[in-house]
Amino acid sequence: MRTGRNSGMPWLVQAISGLALVALLGLHMIANHFVVEGGLRTYEDVLDYLSTPAIFVLEVVFLLVVVPHAFLGLRAMLLDLGLKPRIQRILDIILGALGISASLYGIALFVTLQGRI
Amino acid sequence: MQDDQRGISRALAWFNVSGRKMGSWAFALNRLTGIGLTLYLLLHLGVLTLLVLGEAQWDAFIALARSPLILALDVVLIFGILYHGLNGIRVALVGMGIAVRWQKALFWGLMALGALLLAVSGWLIFTI
Amino acid sequence: MTQGRSGKWQVTFRVFRYKRDAGLARYDTFPLEIGPDETVLDGLEKIWAFQDRSLAFRHACHHASCGTCGMRINGVEKLACIVPVHEVARDGGTVLCEPLRSFPLVSDLVVDVGQFFRRLEEANFEIIRIAEPLPQAQEEALTRFENCIECGLCVSACPVAASDELYLGPATLAASWRMKEEPRSANVPRVLANADQEHGCWRCHAAFECSEVCPSNVDPAAAIMALRRELLKRKLFRRSDNAG
């Protein structure tokens, strides 16, 4: 169990990432769906969209904020199980690894698509 | 003492909102939408693989995603995003000691905004 | 509403029953003739006196001061001693009485409050009544926290405490804030360190149910948020007690 200086960190990260996501997800939804004819981008549209550096950065930042927020949320639910500290630590490592994998996978996707522009 | 409340059943106790007030409903719905959005995030990342597979695969998916059923599911998704996001604003602010006394008014104000945005989004989803 | 000639109502008390040696829990029903202004605790005492001597429930002061008769009445945490029957039932209706949630069950409506009080002790909570003069009580907030009667209703109502048995709970966290605000002999850094843990103040999910059911208007939820703000300030700006 985290105590002392770091014990509030997961909560603080969750709160701040959550507030950031209101803006980031809002922008993501508007840019990807609500200003697009038909609501969804075709393959060509996607490549065109990602060719703008600011958009590329926005999407990567969105990914890197939303993934920790999602996995910290899952972790909060697992805390309810009242697991032994050792098992909780193992779960933390598993969730961390999954989060990092998901982030790397997303970035790899973006980079692959950028390579096709 | 009985210990049958322990373990998994206890871990799900947060979902029992019977007889409870706004706060418990808000919390339970926040978790439910959070679980849903996390699953959607993973699904979304998986579906984006189609972009790597090529134009034909992605554009075939886009055609499918424009079907009325999927569009209706998109409205459910927007509901989840709006609820989780707007209630999250309350939870984050109040959790930092901001607007604690007005948290109920803040909740209902944000929910009113959410209902408006959901209506606009729903209309856009089926018209753009 | 109809009232009988005697001014009494016919009310059925549906009471949760559990005896450790008798196996599974069950609900017993007790038909009762009771005045609408009599309390739920009066009803339970009548059941005990005239119908079932094995019914276990805690009570002492009968005026919302001791905090021992907390239970769930029709699913909501209340002090049975101050809830008139007409508030929770109609003539011919039913009153459901169940023990508090999130406490180990001992017998019928009696739960084990040992852990609850140990956690309050860890928060250095001194039980000082509102009638006792406070040395520096200029703010209403101080006297409000003083009102905690350690009834445990807040813990039972809290959805986080219902799931996470390690959670310190609203009463302990409210007590921690109370001791920070007006420490007396409390060791404030220790009190704050006790609250500053993953199963402490950071675990709250802002459902505010604790403040909804508190019979003394302690407002534990506001105390938890104040604790967080204080701890955040200390973490982010490295404030200590010496630095004010």
# chains A, B, ... in the order shown; residues from 1 in each chain; ligands from 1
>>> interface_residues(of="chain C", to="chain A", cutoff="8 Å", atoms="only C-alpha atoms", output="VMD selection string")
chain C and resid 160 163 to 166 193 196 to 198 202 232 235
>>> write_last_selection(atoms="N, CA, C and O atoms", output="PDB file, in the first residue's frame")
ATOM      1  N   VAL C 160     -17.875   3.207  -0.950  1.00  0.00           N
ATOM      2  CA  VAL C 160     -16.479   2.750  -0.978  1.00  0.00           C
ATOM      3  C   VAL C 160     -16.218   1.814   0.202  1.00  0.00           C
ATOM      4  O   VAL C 160     -15.619   0.742   0.045  1.00  0.00           O
ATOM      5  N   SER C 163     -17.289  -1.659  -0.351  1.00  0.00           N
ATOM      6  CA  SER C 163     -16.444  -2.527  -1.166  1.00  0.00           C
ATOM      7  C   SER C 163     -15.075  -2.749  -0.538  1.00  0.00           C
ATOM      8  O   SER C 163     -14.577  -3.863  -0.490  1.00  0.00           O
ATOM      9  N   ASP C 164     -14.463  -1.669  -0.068  1.00  0.00           N
ATOM     10  CA  ASP C 164     -13.066  -1.714   0.373  1.00  0.00           C
ATOM     11  C   ASP C 164     -13.003  -1.760   1.899  1.00  0.00           C
ATOM     12  O   ASP C 164     -13.155  -0.741   2.571  1.00  0.00           O
ATOM     13  N   GLU C 165     -12.771  -2.956   2.445  1.00  0.00           N
ATOM     14  CA  GLU C 165     -12.801  -3.043   3.905  1.00  0.00           C
ATOM     15  C   GLU C 165     -11.576  -2.410   4.565  1.00  0.00           C
ATOM     16  O   GLU C 165     -11.558  -2.210   5.778  1.00  0.00           O
ATOM     17  N   LEU C 166     -10.575  -2.069   3.769  1.00  0.00           N
ATOM     18  CA  LEU C 166      -9.405  -1.391   4.339  1.00  0.00           C
ATOM     19  C   LEU C 166      -9.606   0.128   4.404  1.00  0.00           C
ATOM     20  O   LEU C 166      -8.819   0.835   5.030  1.00  0.00           O
ATOM     21  N   ALA C 193      -0.685  11.762   8.301  1.00  0.00           N
ATOM     22  CA  ALA C 193      -0.029  10.620   7.645  1.00  0.00           C
ATOM     23  C   ALA C 193      -0.957   9.408   7.649  1.00  0.00           C
ATOM     24  O   ALA C 193      -1.009   8.641   6.685  1.00  0.00           O
ATOM     25  N   ASP C 196      -3.390   9.975   4.983  1.00  0.00           N
ATOM     26  CA  ASP C 196      -2.742  10.067   3.666  1.00  0.00           C
ATOM     27  C   ASP C 196      -2.239   8.696   3.219  1.00  0.00           C
ATOM     28  O   ASP C 196      -1.045   8.446   3.162  1.00  0.00           O
ATOM     29  N   GLN C 197      -3.150   7.821   2.930  1.00  0.00           N
ATOM     30  CA  GLN C 197      -2.780   6.503   2.426  1.00  0.00           C
ATOM     31  C   GLN C 197      -3.800   6.094   1.372  1.00  0.00           C
ATOM     32  O   GLN C 197      -4.885   6.674   1.298  1.00  0.00           O
ATOM     33  N   GLU C 198      -3.439   5.099   0.597  1.00  0.00           N
ATOM     34  CA  GLU C 198      -4.323   4.733  -0.519  1.00  0.00           C
ATOM     35  C   GLU C 198      -5.721   4.350  -0.068  1.00  0.00           C
ATOM     36  O   GLU C 198      -6.693   4.580  -0.776  1.00  0.00           O
ATOM     37  N   TRP C 202      -7.744   9.395  -0.074  1.00  0.00           N
ATOM     38  CA  TRP C 202      -7.706   9.343  -1.538  1.00  0.00           C
ATOM     39  C   TRP C 202      -8.673   8.328  -2.111  1.00  0.00           C
ATOM     40  O   TRP C 202      -8.893   8.264  -3.320  1.00  0.00           O
ATOM     41  N   LEU C 232      -2.724  17.939  -0.470  1.00  0.00           N
ATOM     42  CA  LEU C 232      -2.192  18.341  -1.776  1.00  0.00           C
ATOM     43  C   LEU C 232      -1.282  19.550  -1.633  1.00  0.00           C
ATOM     44  O   LEU C 232      -0.199  19.599  -2.205  1.00  0.00           O
ATOM     45  N   LYS C 235       1.933  18.441  -0.164  1.00  0.00           N
ATOM     46  CA  LYS C 235       2.761  17.660  -1.091  1.00  0.00           C
ATOM     47  C   LYS C 235       3.345  18.556  -2.179  1.00  0.00           C
ATOM     48  O   LYS C 235       4.520  18.453  -2.518  1.00  0.00           O
TER      49      LYS C 235
END
>>> closest_atom_pairs(of="chain C", to="chain B", cutoff="9 Å", atoms="only C-alpha atoms", output="CSV")
residue,atom,partner,partner_atom,distance
C:Arg20,CA,B:Met1,CA,6.9
C:Asn74,CA,B:Gly19,CA,7.9
C:Gly75,CA,B:Gly19,CA,5.6
C:Val76,CA,B:Gly19,CA,6.2
C:Ser102,CA,B:Gln5,CA,8.2
C:Pro104,CA,B:Met1,CA,5.6
C:Leu105,CA,B:Met1,CA,5.1
C:Val106,CA,B:Met1,CA,5.2
C:Ser107,CA,B:Met1,CA,8.1
C:Val111,CA,B:Met1,CA,8.5
C:Asp112,CA,B:Met1,CA,8.1
C:Ala157,CA,B:Arg20,CA,7.9
C:Cys158,CA,B:Ser24,CA,8.1
C:Pro159,CA,B:Trp14,CA,4.8
C:Val160,CA,B:Trp14,CA,6.4
C:Ala161,CA,B:Trp14,CA,8.6
C:Ala162,CA,B:Ala13,CA,5.6
C:Ser163,CA,B:Ala11,CA,4.6
C:Asp164,CA,B:Ala11,CA,6.9
C:Glu165,CA,B:Arg6,CA,8.3
C:Trp202,CA,B:Gly95,CA,8.6
C:Cys204,CA,B:Gly95,CA,8.4
C:His205,CA,B:Phe27,CA,6.7
C:Ala206,CA,B:Val91,CA,6.1
C:Ala207,CA,B:Gly23,CA,3.7
C:Phe208,CA,B:Gly23,CA,5.6
C:Glu209,CA,B:Gly23,CA,6.2
C:Glu212,CA,B:Lys21,CA,8.0
C:Ala221,CA,B:Val100,CA,8.6
C:Ala222,CA,B:Val100,CA,6.4
C:Ile224,CA,B:Gly95,CA,8.2
C:Met225,CA,B:Gly97,CA,4.8
C:Ala226,CA,B:Gly97,CA,5.5
C:Leu227,CA,B:Gly97,CA,8.3
C:Arg228,CA,B:Met96,CA,6.3
C:Arg229,CA,B:Met96,CA,5.2
C:Glu230,CA,B:Gly97,CA,8.7
C:Leu232,CA,B:Met96,CA,7.9
>>> write_last_selection(atoms="C-alpha atoms", output="PDB file, in the first residue's frame")
ATOM      1  CA  ARG C  20     -23.908 -17.226  14.562  1.00  0.00           C
ATOM      2  CA  ASN C  74     -36.153   0.734   5.036  1.00  0.00           C
ATOM      3  CA  GLY C  75     -32.669   0.536   3.523  1.00  0.00           C
ATOM      4  CA  VAL C  76     -31.435   3.906   4.801  1.00  0.00           C
ATOM      5  CA  SER C 102     -19.658  -2.766   6.165  1.00  0.00           C
ATOM      6  CA  PRO C 104     -18.864  -7.488  10.860  1.00  0.00           C
ATOM      7  CA  LEU C 105     -22.196  -8.910  11.930  1.00  0.00           C
ATOM      8  CA  VAL C 106     -22.498 -10.122  15.508  1.00  0.00           C
ATOM      9  CA  SER C 107     -26.171 -10.930  16.016  1.00  0.00           C
ATOM     10  CA  VAL C 111     -22.591  -5.241  14.479  1.00  0.00           C
ATOM     11  CA  ASP C 112     -19.019  -5.276  15.720  1.00  0.00           C
ATOM     12  CA  ALA C 157     -23.881   4.460   3.777  1.00  0.00           C
ATOM     13  CA  CYS C 158     -20.521   4.833   2.028  1.00  0.00           C
ATOM     14  CA  PRO C 159     -20.265   2.882  -1.253  1.00  0.00           C
ATOM     15  CA  VAL C 160     -16.479   2.750  -0.978  1.00  0.00           C
ATOM     16  CA  ALA C 161     -16.547   1.325   2.549  1.00  0.00           C
ATOM     17  CA  ALA C 162     -19.060  -1.233   1.254  1.00  0.00           C
ATOM     18  CA  SER C 163     -16.444  -2.527  -1.166  1.00  0.00           C
ATOM     19  CA  ASP C 164     -13.066  -1.714   0.373  1.00  0.00           C
ATOM     20  CA  GLU C 165     -12.801  -3.043   3.905  1.00  0.00           C
ATOM     21  CA  TRP C 202      -7.706   9.343  -1.538  1.00  0.00           C
ATOM     22  CA  CYS C 204     -13.287   8.534  -1.458  1.00  0.00           C
ATOM     23  CA  HIS C 205     -15.299   8.729  -4.689  1.00  0.00           C
ATOM     24  CA  ALA C 206     -17.367  11.775  -3.754  1.00  0.00           C
ATOM     25  CA  ALA C 207     -20.710  10.017  -3.374  1.00  0.00           C
ATOM     26  CA  PHE C 208     -21.465  12.231  -0.337  1.00  0.00           C
ATOM     27  CA  GLU C 209     -23.711   9.518   1.157  1.00  0.00           C
ATOM     28  CA  GLU C 212     -26.562  12.599   3.637  1.00  0.00           C
ATOM     29  CA  ALA C 221     -17.560  14.366   2.923  1.00  0.00           C
ATOM     30  CA  ALA C 222     -16.590  18.028   3.213  1.00  0.00           C
ATOM     31  CA  ILE C 224     -12.484  14.477   3.399  1.00  0.00           C
ATOM     32  CA  MET C 225     -12.259  17.064   0.627  1.00  0.00           C
ATOM     33  CA  ALA C 226     -10.660  19.551   3.031  1.00  0.00           C
ATOM     34  CA  LEU C 227      -8.139  16.875   4.041  1.00  0.00           C
ATOM     35  CA  ARG C 228      -7.252  16.249   0.416  1.00  0.00           C
ATOM     36  CA  ARG C 229      -6.797  19.927  -0.277  1.00  0.00           C
ATOM     37  CA  GLU C 230      -4.559  20.250   2.767  1.00  0.00           C
ATOM     38  CA  LEU C 232      -2.192  18.341  -1.776  1.00  0.00           C
TER      39      LEU C 232
END
>>> closest_atom_pairs(of="chain A", to="chain B", cutoff="6 Å", atoms="only C-alpha atoms", output="JSON lines")
{"residue": "A:Ala15", "atom": "CA", "partner": "B:Ala92", "partner_atom": "CA", "distance": 5.0}
{"residue": "A:Val22", "atom": "CA", "partner": "B:Gly85", "partner_atom": "CA", "distance": 5.8}
{"residue": "A:Glu37", "atom": "CA", "partner": "B:Ile128", "partner_atom": "CA", "distance": 5.6}
{"residue": "A:Gly38", "atom": "CA", "partner": "B:Ile128", "partner_atom": "CA", "distance": 5.1}
{"residue": "A:Thr42", "atom": "CA", "partner": "B:Asp59", "partner_atom": "CA", "distance": 5.8}
{"residue": "A:Tyr43", "atom": "CA", "partner": "B:Glu55", "partner_atom": "CA", "distance": 5.4}
{"residue": "A:Ala70", "atom": "CA", "partner": "B:Thr38", "partner_atom": "CA", "distance": 5.6}
{"residue": "A:Asp80", "atom": "CA", "partner": "B:Ala11", "partner_atom": "CA", "distance": 5.3}
{"residue": "A:Leu81", "atom": "CA", "partner": "B:Ala11", "partner_atom": "CA", "distance": 5.4}
>>> write_last_selection(atoms="N, CA and C atoms", output="JSON list (two decimals), in the first residue's frame")
[["chain", "number", "residue", "atom", "x", "y", "z"],
["A", 15, "ALA", "N", -7.26, 12.59, -11.45],
["A", 15, "ALA", "CA", -8.06, 13.82, -11.49],
["A", 15, "ALA", "C", -7.54, 14.76, -12.60],
["A", 22, "VAL", "N", -11.19, 15.84, -20.75],
["A", 22, "VAL", "CA", -12.40, 16.55, -21.17],
["A", 22, "VAL", "C", -12.08, 17.38, -22.42],
["A", 37, "GLU", "N", -17.59, 14.96, -42.98],
["A", 37, "GLU", "CA", -18.80, 14.56, -43.69],
["A", 37, "GLU", "C", -18.97, 13.05, -43.55],
["A", 38, "GLY", "N", -20.14, 12.63, -43.14],
["A", 38, "GLY", "CA", -20.38, 11.21, -42.92],
["A", 38, "GLY", "C", -19.92, 10.75, -41.55],
["A", 42, "THR", "N", -12.39, 8.39, -44.19],
["A", 42, "THR", "CA", -11.93, 7.28, -45.03],
["A", 42, "THR", "C", -10.41, 7.16, -44.88],
["A", 43, "TYR", "N", -9.86, 6.12, -45.48],
["A", 43, "TYR", "CA", -8.42, 5.86, -45.38],
["A", 43, "TYR", "C", -7.61, 7.08, -45.83],
["A", 70, "ALA", "N", -7.44, 5.28, -18.00],
["A", 70, "ALA", "CA", -8.25, 4.05, -18.05],
["A", 70, "ALA", "C", -7.68, 2.99, -17.11],
["A", 80, "ASP", "N", -10.52, -2.39, -4.40],
["A", 80, "ASP", "CA", -11.68, -2.80, -3.60],
["A", 80, "ASP", "C", -11.58, -4.25, -3.15],
["A", 81, "LEU", "N", -10.81, -5.04, -3.88],
["A", 81, "LEU", "CA", -10.73, -6.46, -3.54],
["A", 81, "LEU", "C", -9.95, -6.68, -2.24]]
>>> closest_residue(among="C:Phe50, C:Val155, C:Phe57, C:Pro170", to="Glu77 of chain C", atoms="only C-alpha atoms")
C:Val155
>>> atom_distance(atom1="atom CA of Val83 of chain C", atom2="atom CA of Arg101 of chain C")
18.8 Å
>>> residues_around(residues="Ala54 of chain A", least_positions_apart="6", cutoff="12 Å", atoms="only C-alpha atoms", output="JSON, numbers by chain")
{"A": [27, 31, 60, 61]}
>>> write_last_selection(atoms="N, CA and C atoms", output="compact mmCIF listing (two decimals), in the first residue's frame")
# COMPACT_ATOMS: atom_id res chain seq x y z
N LEU A 27 -11.77 17.44 -28.27
CA LEU A 27 -11.12 17.79 -29.54
C LEU A 27 -11.05 16.59 -30.48
N ALA A 31 -12.73 16.69 -34.04
CA ALA A 31 -11.85 16.65 -35.21
C ALA A 31 -12.03 15.37 -36.04
N VAL A 60 -1.37 11.85 -30.23
CA VAL A 60 -0.42 11.11 -29.38
C VAL A 60 -0.61 11.50 -27.91
N VAL A 61 -0.75 12.82 -27.68
CA VAL A 61 -0.96 13.27 -26.30
C VAL A 61 -2.25 12.67 -25.76
>>> residues_around(residues="segment 91-101 of chain A", least_positions_apart="2", cutoff="8 Å", atoms="only C-alpha atoms", output="JSON, numbers by chain")
{"A": [67, 68, 71, 75, 87, 88, 89, 103, 104, 105]}
>>> write_last_selection(atoms="C-alpha atoms", output="PDB file, in the first residue's frame")
ATOM      1  CA  VAL A  67      -4.444   5.075 -21.394  1.00  0.00           C
ATOM      2  CA  PRO A  68      -3.101   5.862 -17.890  1.00  0.00           C
ATOM      3  CA  PHE A  71      -5.778   1.724 -16.341  1.00  0.00           C
ATOM      4  CA  ARG A  75      -6.712  -0.254 -10.611  1.00  0.00           C
ATOM      5  CA  ILE A  87      -0.572  -9.384  -5.047  1.00  0.00           C
ATOM      6  CA  GLN A  88      -1.592  -5.748  -5.458  1.00  0.00           C
ATOM      7  CA  ARG A  89       1.991  -4.927  -6.494  1.00  0.00           C
ATOM      8  CA  SER A 103       0.424   3.197 -25.577  1.00  0.00           C
ATOM      9  CA  LEU A 104       3.330   1.804 -27.595  1.00  0.00           C
ATOM     10  CA  TYR A 105       0.920  -0.019 -29.882  1.00  0.00           C
TER      11      TYR A 105
END
>>> closest_residue(among="A:His33, A:Lys84, A:Arg116, A:Arg41", to="Asp74 of chain B", atoms="only C-alpha atoms")
A:His33
>>> atom_distance(atom1="atom CA of Val11 of chain C", atom2="atom CA of Cys210 of chain C")
29.0 Å
>>> select_by_dssp(residues="segment 9-100 of chain A", states="alpha helix (DSSP H)", output="MDAnalysis selection string")
chainID A and resid 9:29 43:50 53:79 85:100
>>> atom_distance(atom1="atom CA of Asn32 of chain A", atom2="atom CA of Leu58 of chain A")
11.6 Å
>>> select_by_dssp(residues="segment 52-185 of chain C", states="strand (DSSP E)", output="PyMOL selection string")
chain C and resi 70-73+76-79+94-98+105-107+110-111
>>> decode(residues="segment 90-112 of chain C", atoms="N, CA, C and O atoms", output="PDB file, in the first residue's frame")
ATOM      1  N   ARG C  90     -46.759   3.540   7.049  1.00  0.00           N
ATOM      2  CA  ARG C  90     -48.144   3.981   7.211  1.00  0.00           C
ATOM      3  C   ARG C  90     -48.860   2.957   8.075  1.00  0.00           C
ATOM      4  O   ARG C  90     -48.342   1.868   8.293  1.00  0.00           O
ATOM      5  N   ASP C  91     -50.065   3.325   8.512  1.00  0.00           N
ATOM      6  CA  ASP C  91     -50.881   2.364   9.256  1.00  0.00           C
ATOM      7  C   ASP C  91     -51.119   1.154   8.356  1.00  0.00           C
ATOM      8  O   ASP C  91     -51.538   1.308   7.207  1.00  0.00           O
ATOM      9  N   GLY C  92     -50.810  -0.014   8.842  1.00  0.00           N
ATOM     10  CA  GLY C  92     -50.952  -1.230   8.031  1.00  0.00           C
ATOM     11  C   GLY C  92     -49.704  -1.529   7.212  1.00  0.00           C
ATOM     12  O   GLY C  92     -49.651  -2.541   6.519  1.00  0.00           O
ATOM     13  N   GLY C  93     -48.713  -0.675   7.299  1.00  0.00           N
ATOM     14  CA  GLY C  93     -47.500  -0.854   6.495  1.00  0.00           C
ATOM     15  C   GLY C  93     -46.417  -1.648   7.201  1.00  0.00           C
ATOM     16  O   GLY C  93     -46.643  -2.272   8.244  1.00  0.00           O
ATOM     17  N   THR C  94     -45.241  -1.619   6.601  1.00  0.00           N
ATOM     18  CA  THR C  94     -44.119  -2.421   7.100  1.00  0.00           C
ATOM     19  C   THR C  94     -42.887  -1.539   7.321  1.00  0.00           C
ATOM     20  O   THR C  94     -42.627  -0.625   6.544  1.00  0.00           O
ATOM     21  N   VAL C  95     -42.166  -1.835   8.375  1.00  0.00           N
ATOM     22  CA  VAL C  95     -40.871  -1.183   8.619  1.00  0.00           C
ATOM     23  C   VAL C  95     -39.796  -2.261   8.528  1.00  0.00           C
ATOM     24  O   VAL C  95     -39.880  -3.285   9.204  1.00  0.00           O
ATOM     25  N   LEU C  96     -38.809  -2.014   7.661  1.00  0.00           N
ATOM     26  CA  LEU C  96     -37.730  -2.983   7.499  1.00  0.00           C
ATOM     27  C   LEU C  96     -36.523  -2.532   8.330  1.00  0.00           C
ATOM     28  O   LEU C  96     -36.023  -1.415   8.168  1.00  0.00           O
ATOM     29  N   CYS C  97     -36.060  -3.390   9.214  1.00  0.00           N
ATOM     30  CA  CYS C  97     -34.904  -3.063  10.058  1.00  0.00           C
ATOM     31  C   CYS C  97     -33.759  -4.033   9.754  1.00  0.00           C
ATOM     32  O   CYS C  97     -33.926  -5.253   9.856  1.00  0.00           O
ATOM     33  N   GLU C  98     -32.610  -3.451   9.380  1.00  0.00           N
ATOM     34  CA  GLU C  98     -31.438  -4.274   9.059  1.00  0.00           C
ATOM     35  C   GLU C  98     -30.212  -3.689   9.732  1.00  0.00           C
ATOM     36  O   GLU C  98     -30.160  -2.487  10.017  1.00  0.00           O
ATOM     37  N   PRO C  99     -29.192  -4.516   9.953  1.00  0.00           N
ATOM     38  CA  PRO C  99     -27.973  -3.986  10.587  1.00  0.00           C
ATOM     39  C   PRO C  99     -27.200  -3.088   9.636  1.00  0.00           C
ATOM     40  O   PRO C  99     -27.424  -3.112   8.414  1.00  0.00           O
ATOM     41  N   LEU C 100     -26.286  -2.299  10.181  1.00  0.00           N
ATOM     42  CA  LEU C 100     -25.433  -1.442   9.351  1.00  0.00           C
ATOM     43  C   LEU C 100     -24.602  -2.300   8.411  1.00  0.00           C
ATOM     44  O   LEU C 100     -24.206  -3.418   8.762  1.00  0.00           O
ATOM     45  N   ARG C 101     -24.325  -1.767   7.222  1.00  0.00           N
ATOM     46  CA  ARG C 101     -23.441  -2.446   6.271  1.00  0.00           C
ATOM     47  C   ARG C 101     -21.985  -2.199   6.668  1.00  0.00           C
ATOM     48  O   ARG C 101     -21.685  -1.294   7.439  1.00  0.00           O
ATOM     49  N   SER C 102     -21.105  -2.982   6.068  1.00  0.00           N
ATOM     50  CA  SER C 102     -19.658  -2.766   6.165  1.00  0.00           C
ATOM     51  C   SER C 102     -19.086  -2.958   7.574  1.00  0.00           C
ATOM     52  O   SER C 102     -17.953  -2.553   7.838  1.00  0.00           O
ATOM     53  N   PHE C 103     -19.883  -3.499   8.462  1.00  0.00           N
ATOM     54  CA  PHE C 103     -19.388  -3.873   9.783  1.00  0.00           C
ATOM     55  C   PHE C 103     -19.561  -5.381   9.917  1.00  0.00           C
ATOM     56  O   PHE C 103     -20.538  -5.932   9.400  1.00  0.00           O
ATOM     57  N   PRO C 104     -18.645  -6.058  10.620  1.00  0.00           N
ATOM     58  CA  PRO C 104     -18.864  -7.488  10.860  1.00  0.00           C
ATOM     59  C   PRO C 104     -20.141  -7.690  11.685  1.00  0.00           C
ATOM     60  O   PRO C 104     -20.398  -6.961  12.643  1.00  0.00           O
ATOM     61  N   LEU C 105     -20.924  -8.652  11.261  1.00  0.00           N
ATOM     62  CA  LEU C 105     -22.196  -8.910  11.930  1.00  0.00           C
ATOM     63  C   LEU C 105     -21.968  -9.743  13.184  1.00  0.00           C
ATOM     64  O   LEU C 105     -21.210 -10.720  13.162  1.00  0.00           O
ATOM     65  N   VAL C 106     -22.624  -9.353  14.264  1.00  0.00           N
ATOM     66  CA  VAL C 106     -22.498 -10.122  15.508  1.00  0.00           C
ATOM     67  C   VAL C 106     -23.773 -10.931  15.732  1.00  0.00           C
ATOM     68  O   VAL C 106     -23.739 -12.154  15.841  1.00  0.00           O
ATOM     69  N   SER C 107     -24.905 -10.243  15.774  1.00  0.00           N
ATOM     70  CA  SER C 107     -26.171 -10.930  16.016  1.00  0.00           C
ATOM     71  C   SER C 107     -27.321  -9.996  15.636  1.00  0.00           C
ATOM     72  O   SER C 107     -27.346  -8.839  16.079  1.00  0.00           O
ATOM     73  N   ASP C 108     -28.256 -10.475  14.850  1.00  0.00           N
ATOM     74  CA  ASP C 108     -29.433  -9.689  14.442  1.00  0.00           C
ATOM     75  C   ASP C 108     -29.042  -8.283  13.967  1.00  0.00           C
ATOM     76  O   ASP C 108     -28.422  -8.132  12.944  1.00  0.00           O
ATOM     77  N   LEU C 109     -29.392  -7.265  14.777  1.00  0.00           N
ATOM     78  CA  LEU C 109     -29.112  -5.889  14.369  1.00  0.00           C
ATOM     79  C   LEU C 109     -27.816  -5.354  14.987  1.00  0.00           C
ATOM     80  O   LEU C 109     -27.500  -4.168  14.855  1.00  0.00           O
ATOM     81  N   VAL C 110     -27.093  -6.228  15.628  1.00  0.00           N
ATOM     82  CA  VAL C 110     -25.860  -5.809  16.318  1.00  0.00           C
ATOM     83  C   VAL C 110     -24.644  -6.101  15.443  1.00  0.00           C
ATOM     84  O   VAL C 110     -24.474  -7.209  14.947  1.00  0.00           O
ATOM     85  N   VAL C 111     -23.829  -5.061  15.241  1.00  0.00           N
ATOM     86  CA  VAL C 111     -22.591  -5.241  14.479  1.00  0.00           C
ATOM     87  C   VAL C 111     -21.397  -4.961  15.384  1.00  0.00           C
ATOM     88  O   VAL C 111     -21.520  -4.310  16.429  1.00  0.00           O
ATOM     89  N   ASP C 112     -20.252  -5.462  14.951  1.00  0.00           N
ATOM     90  CA  ASP C 112     -19.019  -5.276  15.720  1.00  0.00           C
ATOM     91  C   ASP C 112     -18.408  -3.923  15.345  1.00  0.00           C
ATOM     92  O   ASP C 112     -17.969  -3.721  14.207  1.00  0.00           O
TER      93      ASP C 112
END
